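Source file: entry-v7.txt; contents: compact mmCIF, C-alpha atoms and all ligand atoms.
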```
# COMPACT_ATOMS: atom_id res chain seq x y z
CA MET A 397 -55.05 -10.33 -11.95
CA GLU A 398 -51.95 -12.55 -12.26
CA GLN A 399 -50.20 -12.46 -15.63
CA PRO A 400 -50.02 -15.83 -17.38
CA PHE A 401 -46.56 -17.35 -17.61
CA LEU A 402 -45.99 -18.29 -21.25
CA GLY A 403 -49.75 -18.00 -21.62
CA TYR A 404 -50.46 -20.67 -19.02
CA ILE A 405 -52.20 -20.35 -15.66
CA PRO A 406 -52.98 -23.61 -13.90
CA SER A 407 -56.57 -24.05 -12.92
CA ALA A 408 -57.57 -23.92 -9.25
CA ALA A 409 -58.41 -27.59 -9.43
CA ASP A 410 -54.83 -28.54 -10.31
CA GLU A 411 -53.43 -27.79 -6.81
CA ASP A 412 -49.97 -29.16 -7.45
CA ALA A 413 -49.44 -27.11 -10.60
CA LEU A 414 -50.87 -24.01 -8.91
CA TRP A 415 -48.45 -24.42 -5.98
CA HIS A 416 -45.49 -24.63 -8.39
CA PHE A 417 -46.76 -21.64 -10.32
CA LYS A 418 -46.93 -19.53 -7.14
CA LEU A 419 -43.51 -20.71 -6.01
CA PHE A 420 -42.04 -19.75 -9.39
CA ASN A 421 -43.66 -16.31 -9.18
CA THR A 422 -42.23 -15.77 -5.68
CA PHE A 423 -38.81 -16.85 -6.95
CA GLN A 424 -39.06 -14.34 -9.81
CA VAL A 425 -39.90 -11.52 -7.39
CA PHE A 426 -37.00 -12.59 -5.13
CA CYS A 427 -34.57 -12.55 -8.10
CA VAL A 428 -35.69 -9.08 -9.16
CA LEU A 429 -35.30 -7.75 -5.59
CA ALA A 430 -31.89 -9.40 -5.16
CA GLY A 431 -30.79 -7.95 -8.53
CA CYS A 432 -31.95 -4.48 -7.50
CA ALA A 433 -30.12 -4.79 -4.16
CA ALA A 434 -26.92 -5.87 -5.93
CA VAL A 435 -27.13 -3.00 -8.46
CA LEU A 436 -27.82 -0.57 -5.61
CA TYR A 437 -24.86 -1.92 -3.61
CA PHE A 438 -22.44 -1.53 -6.55
CA ALA A 439 -23.86 1.90 -7.43
CA ILE A 440 -23.37 3.08 -3.81
CA ARG A 441 -19.82 1.71 -3.75
CA ILE A 442 -18.90 3.42 -7.03
CA ILE A 443 -20.46 6.71 -5.84
CA ASP A 444 -18.52 6.30 -2.58
CA ILE A 445 -15.23 5.87 -4.46
CA VAL A 446 -15.96 8.86 -6.70
CA CYS A 447 -16.81 10.97 -3.61
CA ASP A 448 -13.58 9.91 -1.88
CA LEU A 449 -11.51 10.62 -4.96
CA TRP A 450 -13.00 13.92 -6.03
CA PHE A 451 -15.42 15.46 -3.51
CA ARG A 452 -14.82 14.45 0.14
CA ASP A 453 -12.39 16.42 2.24
CA SER A 454 -9.30 14.51 3.31
CA ILE A 455 -7.28 15.23 6.45
CA PRO A 456 -4.99 18.04 5.24
CA VAL A 457 -1.38 16.89 5.25
CA GLU A 458 -0.47 20.37 6.57
CA SER A 459 -2.50 19.80 9.76
CA PHE A 460 0.33 17.92 11.48
CA GLY A 461 2.49 20.99 11.98
CA ALA A 462 3.53 22.25 8.55
CA ASP A 463 5.12 25.72 8.60
CA LYS A 464 5.33 25.57 12.42
CA GLY A 465 8.79 24.05 12.64
CA TYR A 466 7.56 20.43 12.76
CA TRP A 467 9.49 17.61 11.10
CA ALA A 468 8.55 14.76 8.78
CA VAL A 469 10.60 11.55 8.91
CA VAL A 470 10.90 9.46 5.75
CA THR A 471 12.67 6.09 5.62
CA GLY A 472 14.10 4.87 2.30
CA CYS A 473 14.04 8.39 0.88
CA THR A 474 16.71 8.37 -1.81
CA ASP A 475 14.73 6.82 -4.65
CA GLY A 476 11.23 6.19 -5.97
CA ILE A 477 8.26 6.85 -3.71
CA GLY A 478 10.37 7.77 -0.64
CA LYS A 479 12.36 10.45 -2.46
CA GLU A 480 9.17 12.05 -3.77
CA LEU A 481 7.61 11.90 -0.30
CA ALA A 482 10.58 13.79 1.12
CA LEU A 483 10.52 16.44 -1.61
CA GLN A 484 6.74 16.97 -1.51
CA LEU A 485 6.59 17.05 2.31
CA GLY A 486 9.34 19.70 2.13
CA ASP A 487 7.17 21.69 -0.30
CA LYS A 488 4.25 21.43 2.15
CA GLY A 489 6.25 23.16 4.88
CA TYR A 490 7.87 20.37 6.91
CA ASN A 491 11.50 20.05 7.92
CA LEU A 492 12.87 16.66 6.96
CA VAL A 493 14.61 13.80 8.76
CA LEU A 494 16.05 11.62 5.99
CA LEU A 495 17.01 8.00 6.69
CA SER A 496 18.31 5.83 3.89
CA ARG A 497 21.13 3.56 2.87
CA THR A 498 23.39 5.31 0.35
CA GLN A 499 25.25 8.39 1.62
CA SER A 500 25.85 9.94 -1.83
CA LYS A 501 22.15 9.66 -2.78
CA LEU A 502 21.17 10.99 0.64
CA ASP A 503 23.39 14.04 0.04
CA GLY A 504 21.64 14.58 -3.31
CA VAL A 505 18.14 14.67 -1.74
CA ARG A 506 19.44 16.78 1.15
CA ASN A 507 20.84 19.37 -1.28
CA GLN A 508 17.59 19.47 -3.24
CA LEU A 509 15.69 20.20 -0.01
CA LEU A 510 18.21 22.76 1.29
CA ALA A 511 17.82 24.61 -2.02
CA LYS A 512 14.12 24.99 -1.13
CA ASN A 513 15.03 26.41 2.32
CA VAL A 514 13.91 23.25 4.09
CA LYS A 515 15.80 22.24 7.25
CA VAL A 516 17.24 18.75 6.91
CA ASP A 517 18.81 16.19 9.22
CA SER A 518 20.00 13.04 7.50
CA TYR A 519 21.62 9.77 8.49
CA ALA A 520 22.88 6.94 6.30
CA VAL A 521 21.86 3.54 7.65
CA ASP A 522 21.28 0.10 6.21
CA PHE A 523 18.06 -1.08 7.84
CA SER A 524 18.84 -4.70 7.02
CA CYS A 525 21.73 -4.75 9.52
CA THR A 526 21.24 -1.81 11.86
CA THR A 527 23.42 -1.95 14.98
CA LYS A 528 22.28 -0.97 18.48
CA GLU A 529 24.42 2.20 18.28
CA GLN A 530 22.74 3.17 15.02
CA TRP A 531 19.27 2.62 16.49
CA ASP A 532 20.24 4.73 19.51
CA HIS A 533 21.44 7.49 17.17
CA ILE A 534 18.17 7.43 15.20
CA GLU A 535 16.14 7.45 18.41
CA GLN A 536 18.01 10.54 19.60
CA MET A 537 17.61 12.26 16.22
CA VAL A 538 13.86 11.67 16.28
CA LYS A 539 13.19 12.33 19.97
CA SER A 540 15.01 15.67 19.92
CA LYS A 541 12.57 17.05 17.33
CA ASP A 542 8.83 17.67 17.08
CA ILE A 543 7.76 15.00 14.63
CA GLY A 544 4.50 15.73 12.82
CA ILE A 545 4.63 12.93 10.26
CA LEU A 546 6.43 9.60 10.04
CA VAL A 547 6.41 7.77 6.73
CA ASN A 548 7.46 4.13 6.99
CA ASN A 549 8.32 3.79 3.34
CA VAL A 550 11.49 1.71 3.19
CA GLY A 551 10.90 -1.71 1.70
CA VAL A 552 12.75 -4.50 -0.07
CA CYS A 553 11.36 -7.23 -2.28
CA HIS A 554 12.70 -10.51 -3.68
CA PRO A 555 15.05 -9.65 -6.59
CA ALA A 556 12.97 -11.99 -8.80
CA ALA A 557 10.07 -14.42 -8.54
CA VAL A 558 11.32 -17.45 -6.61
CA THR A 559 9.91 -20.26 -4.49
CA PHE A 560 10.20 -19.83 -0.73
CA VAL A 561 12.63 -22.73 -0.27
CA ASP A 562 14.88 -21.47 -3.09
CA GLU A 563 15.10 -17.95 -1.66
CA SER A 564 18.21 -17.36 0.46
CA PRO A 565 17.59 -17.16 4.22
CA THR A 566 19.67 -13.95 4.24
CA MET A 567 17.30 -12.29 1.77
CA CYS A 568 14.29 -13.45 3.81
CA LYS A 569 15.78 -11.98 6.98
CA GLN A 570 16.53 -8.70 5.19
CA MET A 571 12.88 -8.39 4.15
CA VAL A 572 11.69 -8.99 7.70
CA ASP A 573 14.22 -6.51 9.15
CA VAL A 574 13.60 -3.75 6.60
CA ASN A 575 9.84 -4.13 6.02
CA ILE A 576 8.71 -5.06 9.54
CA VAL A 577 11.29 -4.41 12.27
CA THR A 578 12.20 -0.93 10.98
CA MET A 579 8.53 0.12 10.84
CA MET A 580 7.92 -1.07 14.41
CA LYS A 581 11.04 0.62 15.82
CA MET A 582 10.37 3.94 14.08
CA THR A 583 6.75 3.87 15.25
CA ARG A 584 7.84 3.26 18.84
CA PHE A 585 10.20 6.25 18.65
CA VAL A 586 7.56 8.76 17.52
CA VAL A 587 4.29 7.67 19.16
CA PRO A 588 5.03 8.94 22.72
CA GLN A 589 5.56 12.55 21.64
CA MET A 590 2.57 12.45 19.23
CA ARG A 591 0.47 11.09 22.09
CA GLN A 592 1.51 13.93 24.35
CA ARG A 593 0.61 16.52 21.72
CA LYS A 594 -2.53 14.62 20.69
CA ASN A 595 -1.54 15.14 17.06
CA GLY A 596 0.53 13.27 14.52
CA CYS A 597 0.37 11.08 11.45
CA ILE A 598 2.00 7.79 10.51
CA LEU A 599 1.80 6.59 6.91
CA ASN A 600 2.81 2.96 6.32
CA ILE A 601 3.48 2.08 2.70
CA GLY A 602 2.00 -1.33 1.98
CA SER A 603 1.39 -3.36 -1.12
CA TRP A 604 -1.48 -5.03 -2.98
CA THR A 605 0.31 -8.35 -2.36
CA CYS A 606 -1.04 -8.19 1.22
CA LEU A 607 -4.58 -8.81 -0.01
CA LYS A 608 -4.43 -12.48 -0.94
CA GLY A 609 -0.72 -13.23 -0.90
CA MET A 610 1.50 -13.63 -3.94
CA PRO A 611 3.08 -16.96 -4.85
CA PHE A 612 6.80 -16.75 -5.62
CA LEU A 613 7.02 -13.48 -3.66
CA SER A 614 5.89 -15.16 -0.47
CA VAL A 615 8.08 -13.46 2.13
CA TYR A 616 7.55 -9.98 0.66
CA ALA A 617 3.78 -10.54 0.57
CA GLY A 618 3.90 -11.87 4.13
CA THR A 619 5.76 -8.81 5.41
CA LYS A 620 3.27 -6.52 3.67
CA GLY A 621 0.45 -8.49 5.29
CA PHE A 622 2.08 -7.59 8.60
CA VAL A 623 2.31 -3.93 7.56
CA LYS A 624 -1.42 -3.93 6.85
CA THR A 625 -2.70 -5.62 10.00
CA PHE A 626 -0.20 -3.82 12.25
CA SER A 627 -1.31 -0.45 10.83
CA GLN A 628 -4.99 -1.29 11.20
CA SER A 629 -4.65 -2.49 14.77
CA LEU A 630 -2.53 0.46 15.86
CA ALA A 631 -4.75 2.94 14.01
CA TYR A 632 -7.68 1.90 16.16
CA GLU A 633 -5.65 1.93 19.38
CA LEU A 634 -4.35 5.46 18.78
CA LYS A 635 -7.32 7.07 17.05
CA SER A 636 -8.76 8.43 20.28
CA GLU A 637 -5.36 9.95 21.11
CA GLY A 638 -5.40 12.19 18.04
CA ILE A 639 -2.94 10.12 15.99
CA THR A 640 -3.80 9.28 12.39
CA ILE A 641 -2.35 6.02 11.13
CA GLN A 642 -2.94 5.09 7.52
CA HIS A 643 -2.02 1.97 5.60
CA ILE A 644 -1.29 2.93 1.98
CA LEU A 645 -2.34 0.05 -0.23
CA SER A 646 -0.04 0.56 -3.22
CA PHE A 647 -0.41 -1.07 -6.58
CA TRP A 648 2.30 -0.56 -9.23
CA VAL A 649 4.35 2.62 -9.34
CA ALA A 650 7.20 3.30 -11.78
CA SER A 651 10.37 2.82 -9.69
CA LYS A 652 13.53 0.80 -9.29
CA MET A 653 11.70 -1.80 -7.21
CA SER A 654 8.80 -2.37 -9.60
CA GLY A 655 11.14 -2.39 -12.61
CA TYR A 656 8.72 -0.19 -14.58
CA LYS A 657 10.76 2.68 -15.99
CA LYS A 658 7.99 4.41 -17.91
CA ALA A 659 4.90 5.77 -16.22
CA SER A 660 1.44 5.17 -17.69
CA VAL A 661 -2.17 5.57 -16.56
CA SER A 662 -2.11 2.35 -14.54
CA ILE A 663 1.52 2.71 -13.41
CA PRO A 664 1.97 6.30 -12.24
CA SER A 665 5.26 8.08 -11.76
CA ALA A 666 6.37 8.38 -8.13
CA THR A 667 5.66 12.15 -8.33
CA ARG A 668 2.06 11.65 -9.36
CA TYR A 669 1.53 8.79 -6.93
CA VAL A 670 2.88 10.66 -3.91
CA SER A 671 0.73 13.69 -4.69
CA SER A 672 -2.33 11.36 -4.50
CA VAL A 673 -1.06 9.86 -1.23
CA LEU A 674 -0.64 13.25 0.45
CA ASN A 675 -3.96 14.60 -0.83
CA ARG A 676 -6.11 11.66 0.29
CA ILE A 677 -5.16 11.01 3.91
CA GLY A 678 -8.10 9.56 5.84
CA LEU A 679 -10.10 8.47 2.77
CA MET A 680 -10.54 4.83 1.72
CA CYS A 681 -10.82 5.39 -2.05
CA GLY A 682 -11.99 1.95 -3.15
CA THR A 683 -10.67 -0.46 -0.56
CA LEU A 684 -12.85 -2.16 2.03
CA GLU A 685 -9.90 -2.55 4.41
CA CYS A 686 -10.23 -0.29 7.44
CA PHE A 687 -7.67 2.47 8.01
CA SER A 688 -6.35 1.80 4.48
CA THR A 689 -6.44 3.81 1.31
CA VAL A 690 -5.83 3.26 -2.40
CA PRO A 691 -5.11 6.90 -3.18
CA TYR A 692 -4.36 6.85 -6.92
CA ALA A 693 -7.62 6.94 -8.93
CA PRO A 694 -7.02 4.16 -11.52
CA HIS A 695 -5.80 1.91 -8.70
CA SER A 696 -8.95 2.71 -6.69
CA TYR A 697 -11.14 1.30 -9.45
CA LEU A 698 -8.87 -1.72 -9.72
CA ALA A 699 -9.17 -2.26 -5.95
CA PHE A 700 -12.95 -2.01 -6.29
CA VAL A 701 -13.00 -4.74 -8.96
CA CYS A 702 -10.57 -6.94 -6.99
CA THR A 703 -12.44 -6.64 -3.71
CA THR A 704 -15.85 -7.03 -5.33
CA MET A 705 -14.85 -10.15 -7.24
CA TRP A 706 -12.48 -11.32 -4.55
CA ASP A 707 -14.19 -14.66 -4.27
CA ALA A 708 -11.51 -17.28 -3.66
CA ARG A 709 -12.66 -19.02 -6.85
CA ILE A 710 -12.35 -16.04 -9.22
CA VAL A 711 -9.49 -13.55 -8.77
CA PRO A 712 -6.82 -15.57 -6.90
CA PRO A 713 -6.61 -18.34 -9.55
CA ILE A 714 -6.12 -15.68 -12.27
CA LEU A 715 -3.54 -13.86 -10.15
CA TYR A 716 -1.75 -17.05 -9.21
CA SER A 717 -1.50 -18.24 -12.81
CA ILE A 718 0.05 -14.86 -13.78
CA ALA A 719 2.50 -15.33 -10.87
CA ASN A 720 3.30 -18.81 -12.13
CA ASN A 721 4.14 -17.50 -15.61
CA LEU A 722 6.35 -14.77 -14.13
CA TYR A 723 8.12 -17.39 -12.04
CA LYS A 724 8.76 -19.56 -15.13
CA LEU A 725 10.19 -16.54 -16.99
CA ALA A 726 12.44 -15.63 -14.01
CA LYS A 727 13.62 -19.25 -13.78
CA LYS A 728 14.49 -19.34 -17.49
CA LYS A 729 16.40 -16.06 -17.13
CA ARG A 730 18.36 -17.41 -14.15
CA LEU A 731 19.26 -20.56 -16.13
CA ARG A 732 20.37 -18.51 -19.17
CA LEU A 733 22.60 -16.34 -16.94
CA LYS A 734 24.06 -19.41 -15.22
CA ASN A 735 24.87 -21.05 -18.56
CA LYS A 736 26.47 -17.82 -19.81
CA GLN A 737 28.64 -17.57 -16.68
CA GLU A 738 29.74 -21.20 -17.04
CA LEU A 739 30.69 -20.58 -20.70
CA VAL A 740 32.82 -17.54 -19.70
CA LEU A 741 34.60 -19.57 -17.00
N1 LIG A 801 7.02 0.53 -6.71
C1 LIG A 801 5.95 -0.24 -6.62
O1 LIG A 801 5.34 -0.64 -7.62
C2 LIG A 801 5.44 -0.60 -5.25
C3 LIG A 801 4.24 -1.34 -5.16
C4 LIG A 801 3.75 -1.67 -3.92
C5 LIG A 801 4.43 -1.25 -2.77
N2 LIG A 801 5.58 -0.56 -2.87
C6 LIG A 801 6.26 -0.18 -1.62
O2 LIG A 801 6.65 1.18 -1.68
C7 LIG A 801 7.85 1.39 -0.92
C8 LIG A 801 8.87 2.14 -1.76
O3 LIG A 801 9.10 1.40 -2.93
P1 LIG A 801 9.89 2.03 -4.19
O4 LIG A 801 9.31 1.39 -5.39
O5 LIG A 801 9.94 3.50 -4.10
O6 LIG A 801 11.34 1.42 -3.93
P2 LIG A 801 12.75 1.85 -4.56
O7 LIG A 801 12.58 2.73 -5.72
O8 LIG A 801 13.51 0.59 -4.69
O9 LIG A 801 13.40 2.74 -3.37
C9 LIG A 801 13.67 2.15 -2.15
C10 LIG A 801 14.33 3.14 -1.23
O10 LIG A 801 14.62 2.48 0.00
C11 LIG A 801 16.01 2.52 0.24
N3 LIG A 801 16.46 1.25 0.81
C12 LIG A 801 16.36 0.02 0.27
N4 LIG A 801 16.89 -0.89 1.08
C13 LIG A 801 17.34 -0.23 2.17
C14 LIG A 801 18.00 -0.62 3.35
N5 LIG A 801 18.31 -1.88 3.58
N6 LIG A 801 18.31 0.32 4.27
C15 LIG A 801 18.02 1.62 4.04
N7 LIG A 801 17.41 2.06 2.93
C16 LIG A 801 17.07 1.15 2.01
C17 LIG A 801 16.65 2.71 -1.10
O11 LIG A 801 17.94 3.25 -0.89
P3 LIG A 801 19.10 3.17 -2.01
O12 LIG A 801 18.92 4.42 -2.75
O13 LIG A 801 20.36 3.06 -1.26
O14 LIG A 801 18.82 1.96 -2.84
C18 LIG A 801 15.65 3.65 -1.75
O15 LIG A 801 15.84 4.97 -1.31
C19 LIG A 801 8.29 0.00 -0.46
O16 LIG A 801 7.87 -0.21 0.86
C20 LIG A 801 7.55 -0.93 -1.40
O17 LIG A 801 7.31 -2.19 -0.80
C21 LIG A 801 6.11 -0.22 -4.08
```
Mind turning this structure into structure tokens?
Ligand SMILES: NC(=O)c1ccc[n+]([C@@H]2O[C@H](COP(=O)([O-])OP(=O)(O)OC[C@H]3O[C@@H](n4cnc5c(N)ncnc54)[C@H](OP(=O)(O)O)[C@@H]3O)[C@@H](O)[C@H]2O)c1
Amino acid sequence: MEQPFLGYIPSAADEDALWHFKLFNTFQVFCVLAGCAAVLYFAIRIIDIVCDLWFRDSIPVESFGADKGYWAVVTGCTDGIGKELALQLGDKGYNLVLLSRTQSKLDGVRNQLLAKNVKVDSYAVDFSCTTKEQWDHIEQMVKSKDIGILVNNVGVCHPAAVTFVDESPTMCKQMVDVNIVTMMKMTRFVVPQMRQRKNGCILNIGSWTCLKGMPFLSVYAGTKGFVKTFSQSLAYELKSEGITIQHILSFWVASKMSGYKKASVSIPSATRYVSSVLNRIGLMCGTLECFSTVPYAPHSYLAFVCTTMWDARIVPPILYSIANNLYKLAKKKRLRLKNKQELVL
């Protein structure tokens, strides 16, 4: 027998009211089912993230030739995430090819690795203005070794929040050269030998700004969008040839680039972050982007919230208004500095 709604059941004679009553009942059942489906969907996604983070097996970072004389190449390896990648890949049993800009810092990382009995080959190069001779030298360095892992880590960002038209064309070109061109060239150098061996791994360090763009960091966000889609496309092309390509969707990490000096739960130290990166190869950990991962646990939950609520009407307006405030602060700072300089002159 049907339950009365607010104590009222229309009589069979009142056909119109009875029709509405049945429609309302059907609607109620539909809402309950839709609610259950939504709860089930979110529950499955959270369980999936927890499984990725704590229970599922990742592709072991050692499986690309650690302790067998294979080499790992890391670009931008003298600071932050890149330096940690070099040190931790050395600990895992890889020899290291180090490519970065500042010779003295390169020597520092080299010495740290040599002290751990890791073989090292290093080369100082500025990827924003690499000459043909320098590219030839790097190609030779890489092709003469068995490369197990390539990490395309080097990246540059706008020095401060700025509108696209106010950013210098030189800075824009540097971002394209360092963040995009370098990644493509390095990938081209290593893929043929990985293909032949049917084994190898390429990790491309991306950024959360690739998800929906970032006003006032437009060129950086655009280059990281390229990093994401390039990695995804190539990952599919080369999957059947035994090559693992992973886009690392990074949120904030304490480093020179982010400007965060102190690590916290949401902003890990580079050491902690890199350990998550190397332990979660092949797992998605919260993102819905294919061939991508958000390897650091608190960031995985953040990615889950962002992607779940990523309706164009909810998250982007919040994000964009934060960007707008940062831009206003940066603009004020620039003005203050300019006034100070004028006073000194
Ligand atoms: N930190 C974050 O919160 C964050 C968030 C999302 C994504 N990411 C990405 O993570 C990667 C590493 O970032 P990070 O925070 O570790 O950066 P970082 O601390 O600024 O270190 C950058 C490294 O790259 C080198 N480098 C910079 N410009 C170069 C150039 N033109 N030629 C050669 N080497 C150059 C630097 O060398 P020098 O020592 O000579 O400066 C340094 O070793 C980047 O791709 C970045 O986009 C970082």
query: Hey, which residues come within 6 Å of ligand LIG 801 (chain A) if we count all atoms listed in the file? Could you give them as a VMD selection string?
result: chain A and resid 472 to 478 496 to 498 521 to 524 549 to 552 574 601 to 603 646 to 654
message: When you look at Ser454 (chain A) with a cut-off of 12 Å (counting all atoms listed in the file), what residues show up, excluding the ones that are within fewer than 5 positions of it in the same chain? I need them as a VMD selection string.
response: chain A and resid 447 to 449 459 640 672 to 681 689 691
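Across A:Glu563, A:Ala434, A:Val446, A:Ala659, the tightest approach to Tyr697 (chain A) is made by A:Val446 when counting only C-alpha atoms.
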Pairwise distance for CA of Lys594 (chain A) and CA of Asn491 (chain A), rounded to one decimal in Å: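 That distance, rounded to one decimal, is 19.7 Å.
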message: Applying 12 Å and all atoms listed in the file, which residues near region 556-562 of chain A remain after dropping the ones on its own chain fewer than 4 positions away? List them as number ranges by chain.
response: A: 552, 566-568, 610-618, 653-655, 718-730
Nearest candidate to Val493 (chain A) (options A:Val547, A:Ile644, A:Ile445, A:Ala511; using all atoms listed in the file):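 The shortest atom-to-atom distance to Val493 (chain A) comes from A:Val547.
Among the candidates A:Gly596, A:Gly465, A:Gly431, A:Pro694, the one nearest to Gln642 (chain A) when counting all atoms listed in the file is A:Gly596.
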- prompt: What gap, in Å, lies between CA of Tyr437 (chain A) and CA of Asp707 (chain A)?
  reply: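 Between these atoms lies a distance of 16.6 Å.
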- prompt: Using all atoms listed in the file, which residue out of A:Thr526, A:Gln424, A:Ser518, A:Gln484 lies closest to Val670 (chain A)?
  reply: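 Comparing A:Thr526, A:Gln424, A:Ser518, A:Gln484 against Val670 (chain A), the winner is A:Gln484.
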